[in-house]
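**Q** My structure is in query_35.pdb, and what it holds is PDB, C-alpha atoms and all ligand atoms:
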```
ATOM      1  CA  MET A 265      -4.636  24.360  13.151  1.00  0.00           C
ATOM      2  CA  ARG A 266      -5.728  25.299   9.625  1.00  0.00           C
ATOM      3  CA  TYR A 267      -2.272  24.214   8.382  1.00  0.00           C
ATOM      4  CA  MET A 268      -2.626  20.878  10.241  1.00  0.00           C
ATOM      5  CA  SER A 269      -6.022  20.044   8.726  1.00  0.00           C
ATOM      6  CA  SER A 270      -4.926  20.842   5.163  1.00  0.00           C
ATOM      7  CA  TRP A 271      -1.863  18.654   5.718  1.00  0.00           C
ATOM      8  CA  ILE A 272      -4.079  15.780   6.932  1.00  0.00           C
ATOM      9  CA  LEU A 273      -6.391  16.248   3.914  1.00  0.00           C
ATOM     10  CA  ALA A 274      -3.406  16.219   1.527  1.00  0.00           C
ATOM     11  CA  VAL A 275      -2.058  12.976   3.011  1.00  0.00           C
ATOM     12  CA  ALA A 276      -5.517  11.357   2.920  1.00  0.00           C
ATOM     13  CA  GLY A 277      -5.912  12.412  -0.736  1.00  0.00           C
ATOM     14  CA  LEU A 278      -2.507  10.977  -1.589  1.00  0.00           C
ATOM     15  CA  LEU A 279      -3.427   7.676   0.038  1.00  0.00           C
ATOM     16  CA  VAL A 280      -6.658   7.403  -1.997  1.00  0.00           C
ATOM     17  CA  VAL A 281      -4.944   8.338  -5.272  1.00  0.00           C
ATOM     18  CA  SER A 282      -2.061   5.930  -4.727  1.00  0.00           C
ATOM     19  CA  SER A 283      -4.159   3.019  -3.436  1.00  0.00           C
ATOM     20  CA  PRO A 284      -3.590  -0.054  -5.570  1.00  0.00           C
ATOM     21  CA  LEU A 285      -6.769  -1.205  -7.354  1.00  0.00           C
ATOM     22  CA  SER A 286      -6.632  -4.408  -5.356  1.00  0.00           C
ATOM     23  CA  ALA A 287      -7.178  -2.367  -2.173  1.00  0.00           C
ATOM     24  CA  LEU A 288     -10.439  -0.882  -3.475  1.00  0.00           C
ATOM     25  CA  GLN A 289     -12.166  -4.257  -3.477  1.00  0.00           C
ATOM     26  CA  LEU A 290     -12.510  -7.053  -0.960  1.00  0.00           C
ATOM     27  CA  GLY A 291      -9.969  -9.848  -1.364  1.00  0.00           C
ATOM     28  CA  GLY A 292      -8.525  -8.164  -4.453  1.00  0.00           C
ATOM     29  CA  ARG A 293      -5.159  -8.726  -6.080  1.00  0.00           C
ATOM     30  CA  PRO A 294      -3.415  -7.488  -9.236  1.00  0.00           C
ATOM     31  CA  ALA A 295      -4.882  -8.828 -12.503  1.00  0.00           C
ATOM     32  CA  GLU A 296      -1.787 -10.808 -13.444  1.00  0.00           C
ATOM     33  CA  ASP A 297      -1.789 -12.635 -10.069  1.00  0.00           C
ATOM     34  CA  TRP A 298      -5.518 -13.153 -10.203  1.00  0.00           C
ATOM     35  CA  ALA A 299      -5.355 -14.573 -13.747  1.00  0.00           C
ATOM     36  CA  ILE A 300      -3.256 -17.514 -12.491  1.00  0.00           C
ATOM     37  CA  VAL A 301      -5.959 -18.454  -9.956  1.00  0.00           C
ATOM     38  CA  LEU A 302      -8.924 -17.742 -12.249  1.00  0.00           C
ATOM     39  CA  GLU A 303      -7.482 -19.752 -15.125  1.00  0.00           C
ATOM     40  CA  SER A 304      -6.378 -22.805 -13.147  1.00  0.00           C
ATOM     41  CA  GLY A 305      -7.597 -26.002 -14.766  1.00  0.00           C
ATOM     42  CA  ARG A 306      -9.119 -27.213 -11.500  1.00  0.00           C
ATOM     43  CA  ARG A 307     -11.239 -24.045 -11.189  1.00  0.00           C
ATOM     44  CA  ILE A 308     -12.345 -24.039 -14.822  1.00  0.00           C
ATOM     45  CA  ASP A 309     -13.336 -27.730 -14.684  1.00  0.00           C
ATOM     46  CA  GLY A 310     -15.721 -26.983 -11.809  1.00  0.00           C
ATOM     47  CA  LEU A 311     -17.384 -23.884 -13.290  1.00  0.00           C
ATOM     48  CA  GLU A 312     -19.746 -25.697 -15.713  1.00  0.00           C
ATOM     49  CA  ILE A 313     -19.458 -22.658 -17.984  1.00  0.00           C
ATOM     50  CA  ASP A 314     -21.615 -23.856 -20.890  1.00  0.00           C
ATOM     51  CA  GLU A 315     -24.228 -25.383 -18.559  1.00  0.00           C
ATOM     52  CA  VAL A 316     -24.533 -22.125 -16.582  1.00  0.00           C
ATOM     53  CA  VAL A 317     -24.866 -20.045 -19.745  1.00  0.00           C
ATOM     54  CA  SER A 318     -27.369 -22.470 -21.248  1.00  0.00           C
ATOM     55  CA  ARG A 319     -29.577 -22.324 -18.127  1.00  0.00           C
ATOM     56  CA  ILE A 320     -29.737 -18.527 -18.289  1.00  0.00           C
ATOM     57  CA  GLY A 321     -31.668 -18.987 -21.545  1.00  0.00           C
ATOM     58  CA  LEU A 322     -30.210 -16.064 -23.489  1.00  0.00           C
ATOM     59  CA  ARG A 323     -31.835 -15.131 -26.773  1.00  0.00           C
ATOM     60  CA  PRO A 324     -30.071 -14.092 -29.999  1.00  0.00           C
ATOM     61  CA  GLY A 325     -29.637 -10.342 -30.177  1.00  0.00           C
ATOM     62  CA  GLU A 326     -29.656  -9.747 -26.409  1.00  0.00           C
ATOM     63  CA  LEU A 327     -27.300  -7.353 -24.629  1.00  0.00           C
ATOM     64  CA  VAL A 328     -25.450  -8.959 -21.718  1.00  0.00           C
ATOM     65  CA  ALA A 329     -23.134  -7.301 -19.186  1.00  0.00           C
ATOM     66  CA  ASP A 330     -20.507  -9.654 -17.735  1.00  0.00           C
ATOM     67  CA  ILE A 331     -19.799  -7.644 -14.583  1.00  0.00           C
ATOM     68  CA  GLY A 332     -16.358  -8.255 -13.081  1.00  0.00           C
ATOM     69  CA  ALA A 333     -15.503 -10.388 -16.116  1.00  0.00           C
ATOM     70  CA  GLY A 334     -11.945 -11.088 -14.921  1.00  0.00           C
ATOM     71  CA  THR A 335     -10.028 -12.786 -17.744  1.00  0.00           C
ATOM     72  CA  GLY A 336     -13.290 -13.264 -19.680  1.00  0.00           C
ATOM     73  CA  ILE A 337     -13.810 -16.931 -18.852  1.00  0.00           C
ATOM     74  CA  PHE A 338     -17.599 -16.578 -19.268  1.00  0.00           C
ATOM     75  CA  SER A 339     -17.624 -13.755 -21.821  1.00  0.00           C
ATOM     76  CA  VAL A 340     -17.002 -15.954 -24.879  1.00  0.00           C
ATOM     77  CA  SER A 341     -19.716 -18.452 -23.989  1.00  0.00           C
ATOM     78  CA  LEU A 342     -22.138 -15.567 -23.317  1.00  0.00           C
ATOM     79  CA  ALA A 343     -21.166 -14.008 -26.672  1.00  0.00           C
ATOM     80  CA  ARG A 344     -21.897 -17.250 -28.516  1.00  0.00           C
ATOM     81  CA  ALA A 345     -25.285 -17.535 -26.772  1.00  0.00           C
ATOM     82  CA  VAL A 346     -26.466 -14.090 -27.921  1.00  0.00           C
ATOM     83  CA  GLY A 347     -25.034 -14.637 -31.428  1.00  0.00           C
ATOM     84  CA  PRO A 348     -23.647 -12.105 -33.880  1.00  0.00           C
ATOM     85  CA  THR A 349     -26.635  -9.761 -33.459  1.00  0.00           C
ATOM     86  CA  GLY A 350     -26.127  -9.631 -29.689  1.00  0.00           C
ATOM     87  CA  THR A 351     -23.398  -8.024 -27.607  1.00  0.00           C
ATOM     88  CA  VAL A 352     -21.509  -8.810 -24.414  1.00  0.00           C
ATOM     89  CA  LEU A 353     -20.202  -5.863 -22.417  1.00  0.00           C
ATOM     90  CA  ALA A 354     -17.274  -7.445 -20.556  1.00  0.00           C
ATOM     91  CA  MET A 355     -16.850  -4.993 -17.685  1.00  0.00           C
ATOM     92  CA  GLU A 356     -13.854  -4.804 -15.373  1.00  0.00           C
ATOM     93  CA  VAL A 357     -12.518  -2.377 -12.803  1.00  0.00           C
ATOM     94  CA  ASP A 358      -8.904  -3.451 -13.310  1.00  0.00           C
ATOM     95  CA  PRO A 359      -7.478  -2.381 -16.696  1.00  0.00           C
ATOM     96  CA  GLY A 360      -4.992  -5.272 -16.514  1.00  0.00           C
ATOM     97  CA  PHE A 361      -7.829  -7.655 -17.408  1.00  0.00           C
ATOM     98  CA  ILE A 362      -8.907  -5.819 -20.580  1.00  0.00           C
ATOM     99  CA  PRO A 363      -6.219  -7.245 -22.945  1.00  0.00           C
ATOM    100  CA  MET A 364      -6.812 -10.718 -21.468  1.00  0.00           C
ATOM    101  CA  ILE A 365     -10.527 -10.484 -22.349  1.00  0.00           C
ATOM    102  CA  GLU A 366      -9.675  -9.237 -25.839  1.00  0.00           C
ATOM    103  CA  GLN A 367      -7.330 -12.200 -26.348  1.00  0.00           C
ATOM    104  CA  LYS A 368     -10.073 -14.589 -25.206  1.00  0.00           C
ATOM    105  CA  ALA A 369     -12.483 -13.096 -27.760  1.00  0.00           C
ATOM    106  CA  VAL A 370      -9.960 -13.543 -30.581  1.00  0.00           C
ATOM    107  CA  ALA A 371      -9.104 -17.086 -29.499  1.00  0.00           C
ATOM    108  CA  GLY A 372     -12.816 -17.903 -29.186  1.00  0.00           C
ATOM    109  CA  GLY A 373     -13.563 -16.505 -32.649  1.00  0.00           C
ATOM    110  CA  VAL A 374     -16.215 -14.007 -31.486  1.00  0.00           C
ATOM    111  CA  ASP A 375     -16.341 -10.320 -32.365  1.00  0.00           C
ATOM    112  CA  ASN A 376     -19.351  -9.271 -30.286  1.00  0.00           C
ATOM    113  CA  ILE A 377     -17.520  -8.664 -26.990  1.00  0.00           C
ATOM    114  CA  GLN A 378     -16.988  -5.033 -26.047  1.00  0.00           C
ATOM    115  CA  THR A 379     -14.704  -4.413 -23.076  1.00  0.00           C
ATOM    116  CA  VAL A 380     -15.709  -1.733 -20.565  1.00  0.00           C
ATOM    117  CA  LEU A 381     -13.511  -0.202 -17.867  1.00  0.00           C
ATOM    118  CA  GLY A 382     -15.919   0.667 -15.056  1.00  0.00           C
ATOM    119  CA  GLU A 383     -15.606   2.103 -11.589  1.00  0.00           C
ATOM    120  CA  PHE A 384     -15.771   0.473  -8.186  1.00  0.00           C
ATOM    121  CA  GLN A 385     -19.127   2.076  -7.299  1.00  0.00           C
ATOM    122  CA  ASP A 386     -20.614   2.145 -10.807  1.00  0.00           C
ATOM    123  CA  PRO A 387     -20.046  -0.232 -13.737  1.00  0.00           C
ATOM    124  CA  LYS A 388     -20.236   2.750 -16.165  1.00  0.00           C
ATOM    125  CA  LEU A 389     -21.800   0.671 -18.914  1.00  0.00           C
ATOM    126  CA  PRO A 390     -22.105   2.466 -22.275  1.00  0.00           C
ATOM    127  CA  ARG A 391     -25.784   1.456 -22.717  1.00  0.00           C
ATOM    128  CA  ARG A 392     -28.966   1.606 -20.657  1.00  0.00           C
ATOM    129  CA  ASP A 393     -30.852  -1.225 -22.378  1.00  0.00           C
ATOM    130  CA  VAL A 394     -28.959  -4.176 -20.916  1.00  0.00           C
ATOM    131  CA  ASP A 395     -31.073  -7.381 -20.929  1.00  0.00           C
ATOM    132  CA  VAL A 396     -28.971  -9.465 -18.538  1.00  0.00           C
ATOM    133  CA  ALA A 397     -26.305  -8.490 -15.988  1.00  0.00           C
ATOM    134  CA  PHE A 398     -24.224 -11.541 -15.070  1.00  0.00           C
ATOM    135  CA  PHE A 399     -22.189 -11.707 -11.847  1.00  0.00           C
ATOM    136  CA  HIS A 400     -20.033 -14.815 -11.501  1.00  0.00           C
ATOM    137  CA  ASP A 401     -17.892 -15.038  -8.364  1.00  0.00           C
ATOM    138  CA  VAL A 402     -17.965 -11.230  -8.106  1.00  0.00           C
ATOM    139  CA  ILE A 403     -20.514  -9.841  -5.627  1.00  0.00           C
ATOM    140  CA  HIS A 404     -18.607 -11.025  -2.548  1.00  0.00           C
ATOM    141  CA  HIS A 405     -15.613  -8.938  -3.743  1.00  0.00           C
ATOM    142  CA  ILE A 406     -17.599  -5.712  -4.097  1.00  0.00           C
ATOM    143  CA  GLN A 407     -17.619  -3.070  -1.374  1.00  0.00           C
ATOM    144  CA  GLY A 408     -21.036  -1.438  -0.839  1.00  0.00           C
ATOM    145  CA  ARG A 409     -22.972  -4.211  -2.564  1.00  0.00           C
ATOM    146  CA  ARG A 410     -26.464  -2.727  -2.170  1.00  0.00           C
ATOM    147  CA  ALA A 411     -25.422   0.624  -3.710  1.00  0.00           C
ATOM    148  CA  TYR A 412     -23.501  -1.169  -6.448  1.00  0.00           C
ATOM    149  CA  LEU A 413     -26.516  -3.263  -7.471  1.00  0.00           C
ATOM    150  CA  GLU A 414     -28.699  -0.143  -7.401  1.00  0.00           C
ATOM    151  CA  ALA A 415     -26.175   1.591  -9.697  1.00  0.00           C
ATOM    152  CA  THR A 416     -26.082  -1.419 -12.021  1.00  0.00           C
ATOM    153  CA  ALA A 417     -29.900  -1.534 -12.197  1.00  0.00           C
ATOM    154  CA  ARG A 418     -29.887   1.910 -13.855  1.00  0.00           C
ATOM    155  CA  TYR A 419     -28.334   0.326 -16.971  1.00  0.00           C
ATOM    156  CA  LEU A 420     -30.971  -2.394 -17.286  1.00  0.00           C
ATOM    157  CA  GLY A 421     -34.151  -2.147 -19.333  1.00  0.00           C
ATOM    158  CA  PRO A 422     -37.718  -3.377 -18.723  1.00  0.00           C
ATOM    159  CA  GLY A 423     -38.050  -7.131 -18.215  1.00  0.00           C
ATOM    160  CA  SER A 424     -34.299  -7.431 -17.640  1.00  0.00           C
ATOM    161  CA  ARG A 425     -32.573  -9.916 -15.374  1.00  0.00           C
ATOM    162  CA  MET A 426     -29.594 -10.045 -13.031  1.00  0.00           C
ATOM    163  CA  VAL A 427     -27.987 -13.468 -12.722  1.00  0.00           C
ATOM    164  CA  VAL A 428     -25.783 -14.256  -9.741  1.00  0.00           C
ATOM    165  CA  VAL A 429     -23.524 -17.225  -9.137  1.00  0.00           C
ATOM    166  CA  ASP A 430     -21.691 -16.878  -5.838  1.00  0.00           C
ATOM    167  CA  TYR A 431     -20.583 -18.800  -2.780  1.00  0.00           C
ATOM    168  CA  HIS A 432     -22.847 -19.602   0.155  1.00  0.00           C
ATOM    169  CA  GLY A 433     -20.873 -17.800   2.873  1.00  0.00           C
ATOM    170  CA  GLY A 434     -21.653 -20.543   5.380  1.00  0.00           C
ATOM    171  CA  HIS A 435     -20.478 -23.440   3.216  1.00  0.00           C
ATOM    172  CA  PRO A 436     -17.293 -25.209   4.378  1.00  0.00           C
ATOM    173  CA  ARG A 437     -15.921 -25.081   0.813  1.00  0.00           C
ATOM    174  CA  ALA A 438     -16.551 -21.314   0.419  1.00  0.00           C
ATOM    175  CA  PRO A 439     -13.278 -19.431  -0.147  1.00  0.00           C
ATOM    176  CA  HIS A 440     -12.121 -16.670   2.216  1.00  0.00           C
ATOM    177  CA  ARG A 441     -13.446 -18.494   5.312  1.00  0.00           C
ATOM    178  CA  ASP A 442     -11.006 -16.445   7.407  1.00  0.00           C
ATOM    179  CA  GLN A 443     -12.326 -13.109   6.071  1.00  0.00           C
ATOM    180  CA  PRO A 444     -15.924 -12.690   7.273  1.00  0.00           C
ATOM    181  CA  GLU A 445     -16.379  -9.495   5.227  1.00  0.00           C
ATOM    182  CA  LEU A 446     -16.089 -11.660   2.087  1.00  0.00           C
ATOM    183  CA  LEU A 447     -18.821 -14.103   3.111  1.00  0.00           C
ATOM    184  CA  ILE A 448     -22.309 -13.408   1.751  1.00  0.00           C
ATOM    185  CA  THR A 449     -25.587 -15.295   1.834  1.00  0.00           C
ATOM    186  CA  LEU A 450     -28.444 -15.716  -0.613  1.00  0.00           C
ATOM    187  CA  PRO A 451     -30.921 -13.879   1.696  1.00  0.00           C
ATOM    188  CA  GLN A 452     -28.533 -10.887   1.761  1.00  0.00           C
ATOM    189  CA  VAL A 453     -28.231 -10.833  -2.030  1.00  0.00           C
ATOM    190  CA  THR A 454     -32.029 -11.125  -2.331  1.00  0.00           C
ATOM    191  CA  ALA A 455     -32.469  -8.094  -0.045  1.00  0.00           C
ATOM    192  CA  TRP A 456     -29.889  -6.009  -1.965  1.00  0.00           C
ATOM    193  CA  MET A 457     -31.600  -6.992  -5.229  1.00  0.00           C
ATOM    194  CA  ALA A 458     -34.996  -5.952  -3.816  1.00  0.00           C
ATOM    195  CA  SER A 459     -33.506  -2.491  -3.127  1.00  0.00           C
ATOM    196  CA  ALA A 460     -32.430  -2.372  -6.756  1.00  0.00           C
ATOM    197  CA  GLY A 461     -35.969  -3.293  -7.910  1.00  0.00           C
ATOM    198  CA  PHE A 462     -35.344  -6.965  -8.728  1.00  0.00           C
ATOM    199  CA  GLU A 463     -37.036 -10.096  -7.359  1.00  0.00           C
ATOM    200  CA  MET A 464     -35.913 -13.698  -7.424  1.00  0.00           C
ATOM    201  CA  THR A 465     -37.597 -15.667 -10.232  1.00  0.00           C
ATOM    202  CA  GLN A 466     -35.397 -18.740 -10.679  1.00  0.00           C
ATOM    203  CA  GLU A 467     -32.977 -20.759  -8.610  1.00  0.00           C
ATOM    204  CA  PHE A 468     -30.895 -23.536 -10.159  1.00  0.00           C
ATOM    205  CA  ASP A 469     -29.652 -26.469  -8.144  1.00  0.00           C
ATOM    206  CA  LEU A 470     -26.355 -26.926  -9.995  1.00  0.00           C
ATOM    207  CA  PHE A 471     -23.701 -26.411  -7.326  1.00  0.00           C
ATOM    208  CA  GLU A 472     -23.492 -27.406  -3.690  1.00  0.00           C
ATOM    209  CA  GLU A 473     -21.228 -24.599  -2.456  1.00  0.00           C
ATOM    210  CA  LYS A 474     -22.641 -21.838  -4.678  1.00  0.00           C
ATOM    211  CA  PHE A 475     -26.054 -20.368  -5.368  1.00  0.00           C
ATOM    212  CA  PHE A 476     -27.120 -19.753  -8.964  1.00  0.00           C
ATOM    213  CA  VAL A 477     -30.088 -17.417  -9.021  1.00  0.00           C
ATOM    214  CA  VAL A 478     -31.972 -15.234 -11.497  1.00  0.00           C
ATOM    215  CA  PHE A 479     -33.551 -11.929 -10.394  1.00  0.00           C
ATOM    216  CA  THR A 480     -36.048 -10.180 -12.681  1.00  0.00           C
ATOM    217  CA  LYS A 481     -36.840  -6.461 -12.764  1.00  0.00           C
ATOM    218  CA  ARG A 482     -40.190  -5.643 -11.176  1.00  0.00           C
ATOM    219  CA  ASP A 483     -42.645  -3.816 -13.474  1.00  0.00           C
TER     220      ASP A 483
HETATM  221  C1  LIG A 501     -12.957 -13.877  -8.478  1.00  0.00           C
HETATM  222  S1  LIG A 501     -12.876 -12.740  -9.815  1.00  0.00           S
HETATM  223  C2  LIG A 501     -14.100 -13.421 -10.910  1.00  0.00           C
HETATM  224  C3  LIG A 501     -13.841 -13.110 -12.367  1.00  0.00           C
HETATM  225  C4  LIG A 501     -14.813 -13.769 -13.346  1.00  0.00           C
HETATM  226  N1  LIG A 501     -16.156 -13.316 -13.151  1.00  0.00           N
HETATM  227  C5  LIG A 501     -14.736 -15.260 -13.187  1.00  0.00           C
HETATM  228  O1  LIG A 501     -15.634 -15.863 -12.568  1.00  0.00           O
HETATM  229  O2  LIG A 501     -13.759 -15.855 -13.704  1.00  0.00           O
HETATM  230  C6  LIG A 501     -13.657 -11.300  -9.188  1.00  0.00           C
HETATM  231  C7  LIG A 501     -13.611 -10.133 -10.161  1.00  0.00           C
HETATM  232  O3  LIG A 501     -14.416  -9.060  -9.645  1.00  0.00           O
HETATM  233  C8  LIG A 501     -13.820  -7.854 -10.056  1.00  0.00           C
HETATM  234  N2  LIG A 501     -14.348  -6.775  -9.208  1.00  0.00           N
HETATM  235  C9  LIG A 501     -13.992  -6.426  -7.948  1.00  0.00           C
HETATM  236  N3  LIG A 501     -14.683  -5.352  -7.529  1.00  0.00           N
HETATM  237  C10 LIG A 501     -15.512  -5.017  -8.551  1.00  0.00           C
HETATM  238  C11 LIG A 501     -16.476  -3.987  -8.751  1.00  0.00           C
HETATM  239  N4  LIG A 501     -16.744  -3.067  -7.813  1.00  0.00           N
HETATM  240  N5  LIG A 501     -17.145  -3.972  -9.941  1.00  0.00           N
HETATM  241  C12 LIG A 501     -16.891  -4.899 -10.882  1.00  0.00           C
HETATM  242  N6  LIG A 501     -15.981  -5.884 -10.766  1.00  0.00           N
HETATM  243  C13 LIG A 501     -15.301  -5.928  -9.612  1.00  0.00           C
HETATM  244  C14 LIG A 501     -12.335  -8.111  -9.903  1.00  0.00           C
HETATM  245  O4  LIG A 501     -11.559  -7.199 -10.655  1.00  0.00           O
HETATM  246  C15 LIG A 501     -12.239  -9.543 -10.392  1.00  0.00           C
HETATM  247  O5  LIG A 501     -11.937  -9.631 -11.750  1.00  0.00           O
END
```
Mind turning this structure into structure tokens?
**A**
Amino acid sequence: MRYMSSWILAVAGLLVVSSPLSALQLGGRPAEDWAIVLESGRRIDGLEIDEVVSRIGLRPGELVADIGAGTGIFSVSLARAVGPTGTVLAMEVDPGFIPMIEQKAVAGGVDNIQTVLGEFQDPKLPRRDVDVAFFHDVIHHIQGRRAYLEATARYLGPGSRMVVVDYHGGHPRAPHRDQPELLITLPQVTAWMASAGFEMTQEFDLFEEKFFVVFTKRD
């Protein structure tokens, strides 16, 4: 019996260790496959990158965390908005994205992007005075969203904000319609944010199929 249970534990451990990164998130895939989708011209045209970043109202010198930065599509625009005295922590869980983000920074002519390899339950940011955590098209991929936002909140300072752009789970143009575990709603995100100590302070009407919302840390 004792032999059986240690055998089961060993197999379970092996499965966890050998799980591909894409299996540790919802709807995940390897970075190189994902890059093709994320970088498609049709997707990029619809993202309104500069408009989104401009509406966040970043100030020079601020510290921004681009959580789940992917290939870094938003990181360069965020880096320009905070200027040379500010910093963008471009955080990813998949190391395959890190060189892609670094290439984007070089191509975009910015040197204030610092890449961060985080964990699935904790972004492991190197600083605890983050002004803005930015989640674009990310929260619906995260397992354990409430706990993840609570973990992220520990890296944010007083007066900080979390900005979320994500799909209305009920919208007919939301992706992953056949995977209910990937569909989230704004009321759910608002409740998870409340657990993390953040309340909704701004909502922008920029997209039909996505919400674009700012949450501010409660005093
Ligand atoms: C659809 S992509 C969006 C990438 C980028 N934000 C964009 O809009 O182009 C979702 C990203 O979330 C990342 N991700 C998944 N689980 C995560 C987690 N627990 N913490 C941080 N990022 C995560 C994935 O690696 C992936 O790059």
**Q** Please evaluate the PyMOL selection byres (((chain A and resi 356-362) around 6) and not hetatm) against the displayed coordinates and give the resulting residues as a tab-separated table (two decimals) with C-alpha atoms, keeping the file's coordinate frame.
**A**
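What ended up in result21.tsv:
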```tsv
chain	number	residue	atom	x	y	z
A	295	ALA	CA	-4.88	-8.83	-12.50
A	332	GLY	CA	-16.36	-8.26	-13.08
A	333	ALA	CA	-15.50	-10.39	-16.12
A	334	GLY	CA	-11.94	-11.09	-14.92
A	335	THR	CA	-10.03	-12.79	-17.74
A	355	MET	CA	-16.85	-4.99	-17.68
A	363	PRO	CA	-6.22	-7.24	-22.94
A	364	MET	CA	-6.81	-10.72	-21.47
A	365	ILE	CA	-10.53	-10.48	-22.35
A	381	LEU	CA	-13.51	-0.20	-17.87
A	382	GLY	CA	-15.92	0.67	-15.06
A	383	GLU	CA	-15.61	2.10	-11.59
```
**Q** Applied to this file, what does the PyMOL selection byres (((chain A and resi 316-325) around 6) and not hetatm) return in terms of residues, put as a compact mmCIF listing (two decimals) with C-alpha atoms, in the coordinates of the input?
**A**
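Wrote expr22.txt, looks like this:
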```
# COMPACT_ATOMS: atom_id res chain seq x y z
CA ILE A 313 -19.46 -22.66 -17.98
CA ASP A 314 -21.62 -23.86 -20.89
CA GLU A 315 -24.23 -25.38 -18.56
CA GLU A 326 -29.66 -9.75 -26.41
CA VAL A 346 -26.47 -14.09 -27.92
CA GLY A 347 -25.03 -14.64 -31.43
CA THR A 349 -26.64 -9.76 -33.46
CA GLY A 350 -26.13 -9.63 -29.69
```
**Q** Mind working out the centre and edge lengths of an axis-aligned box for ligand LIG 501 (chain A), all listed atoms inside, 3 Å added to each side, rounded to one decimal in Å and written as JSON?
**A**
```
{"center_x": -14.4, "center_y": -9.5, "center_z": -10.6, "size_x": 11.6, "size_y": 18.8, "size_z": 12.2}
```
**Q** Hey, what comes out of the PyMOL selection byres (((chain A and resi 447) around 12) and not hetatm) on this file? Could you write it as a PyMOL selection string?
**A** chain A and resi 290-291+401-407+430-446+448-450+452-453+474
**Q** Using atom CA of A:Asp395 and atom CA of A:Leu327 as the two end points, give the distance in Å to one decimal.
**A**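 Going from atom CA of A:Asp395 over to atom CA of A:Leu327, I get 5.3 Å.
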**Q** From the set A:Ser341, A:Ser459, A:Gln385, A:Ser304, which residue has the shortest atom-to-atom contact distance to ligand LIG 501 (chain A), counting all atoms listed in the file?
**A**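 Checking each of A:Ser341, A:Ser459, A:Gln385, A:Ser304 against ligand LIG 501 (chain A), counting all atoms listed in the file, the winner is A:Gln385.
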**Q** Which of these residues is nearest to ligand LIG 501 (chain A), using only C-alpha atoms and all ligand atoms: A:Ala343, A:Ile377, A:Val429, A:Val396?
**A**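 Ranked by minimum distance to ligand LIG 501 (chain A), first place goes to A:Val429.
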**Q** With all atoms listed in the file as the atoms that count, which of A:Val328, A:Ala411, A:Ile337, A:Met426 lies nearest to ligand LIG 501 (chain A)?
**A**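 Using all atoms listed in the file, the shortest distance to ligand LIG 501 (chain A) belongs to A:Ile337.
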**Q** Give the answer as one residue: which of A:Val374, A:Leu413, A:Ala345, A:Ala369 has the shortest atom-to-atom distance to ligand LIG 501 (chain A), using only C-alpha atoms and all ligand atoms?
**A**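 Among the listed residues, A:Leu413 lies closest to ligand LIG 501 (chain A).
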**Q** Can you work out the spacing between atom O5 of ligand LIG 501 (chain A) and atom CA of A:Trp298 in Å, to one decimal?
**A**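 Going from atom O5 of ligand LIG 501 (chain A) over to atom CA of A:Trp298 covers 7.5 Å.
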**Q** Closest to ligand LIG 501 (chain A) among A:Arg307, A:His400, A:Arg293, A:Arg482, using all atoms listed in the file?
**A** A:His400
**Q** Mind pulling up the distance from atom CA of A:Arg425 to atom CA of A:Gly373?
**A**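 Between these atoms lies a distance of 26.5 Å.
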**Q** Which residues are close to A:Phe462, i.e. within 10 Å by all atoms listed in the file, leaving aside same-chain residues fewer than 4 positions away? Reply as a count of residues only.
**A** 18
**Q** Counting only C-alpha atoms and all ligand atoms, which residue out of A:Arg391, A:Arg306, A:Arg409, A:Lys368 sits closest to ligand LIG 501 (chain A)?
**A** A:Arg409
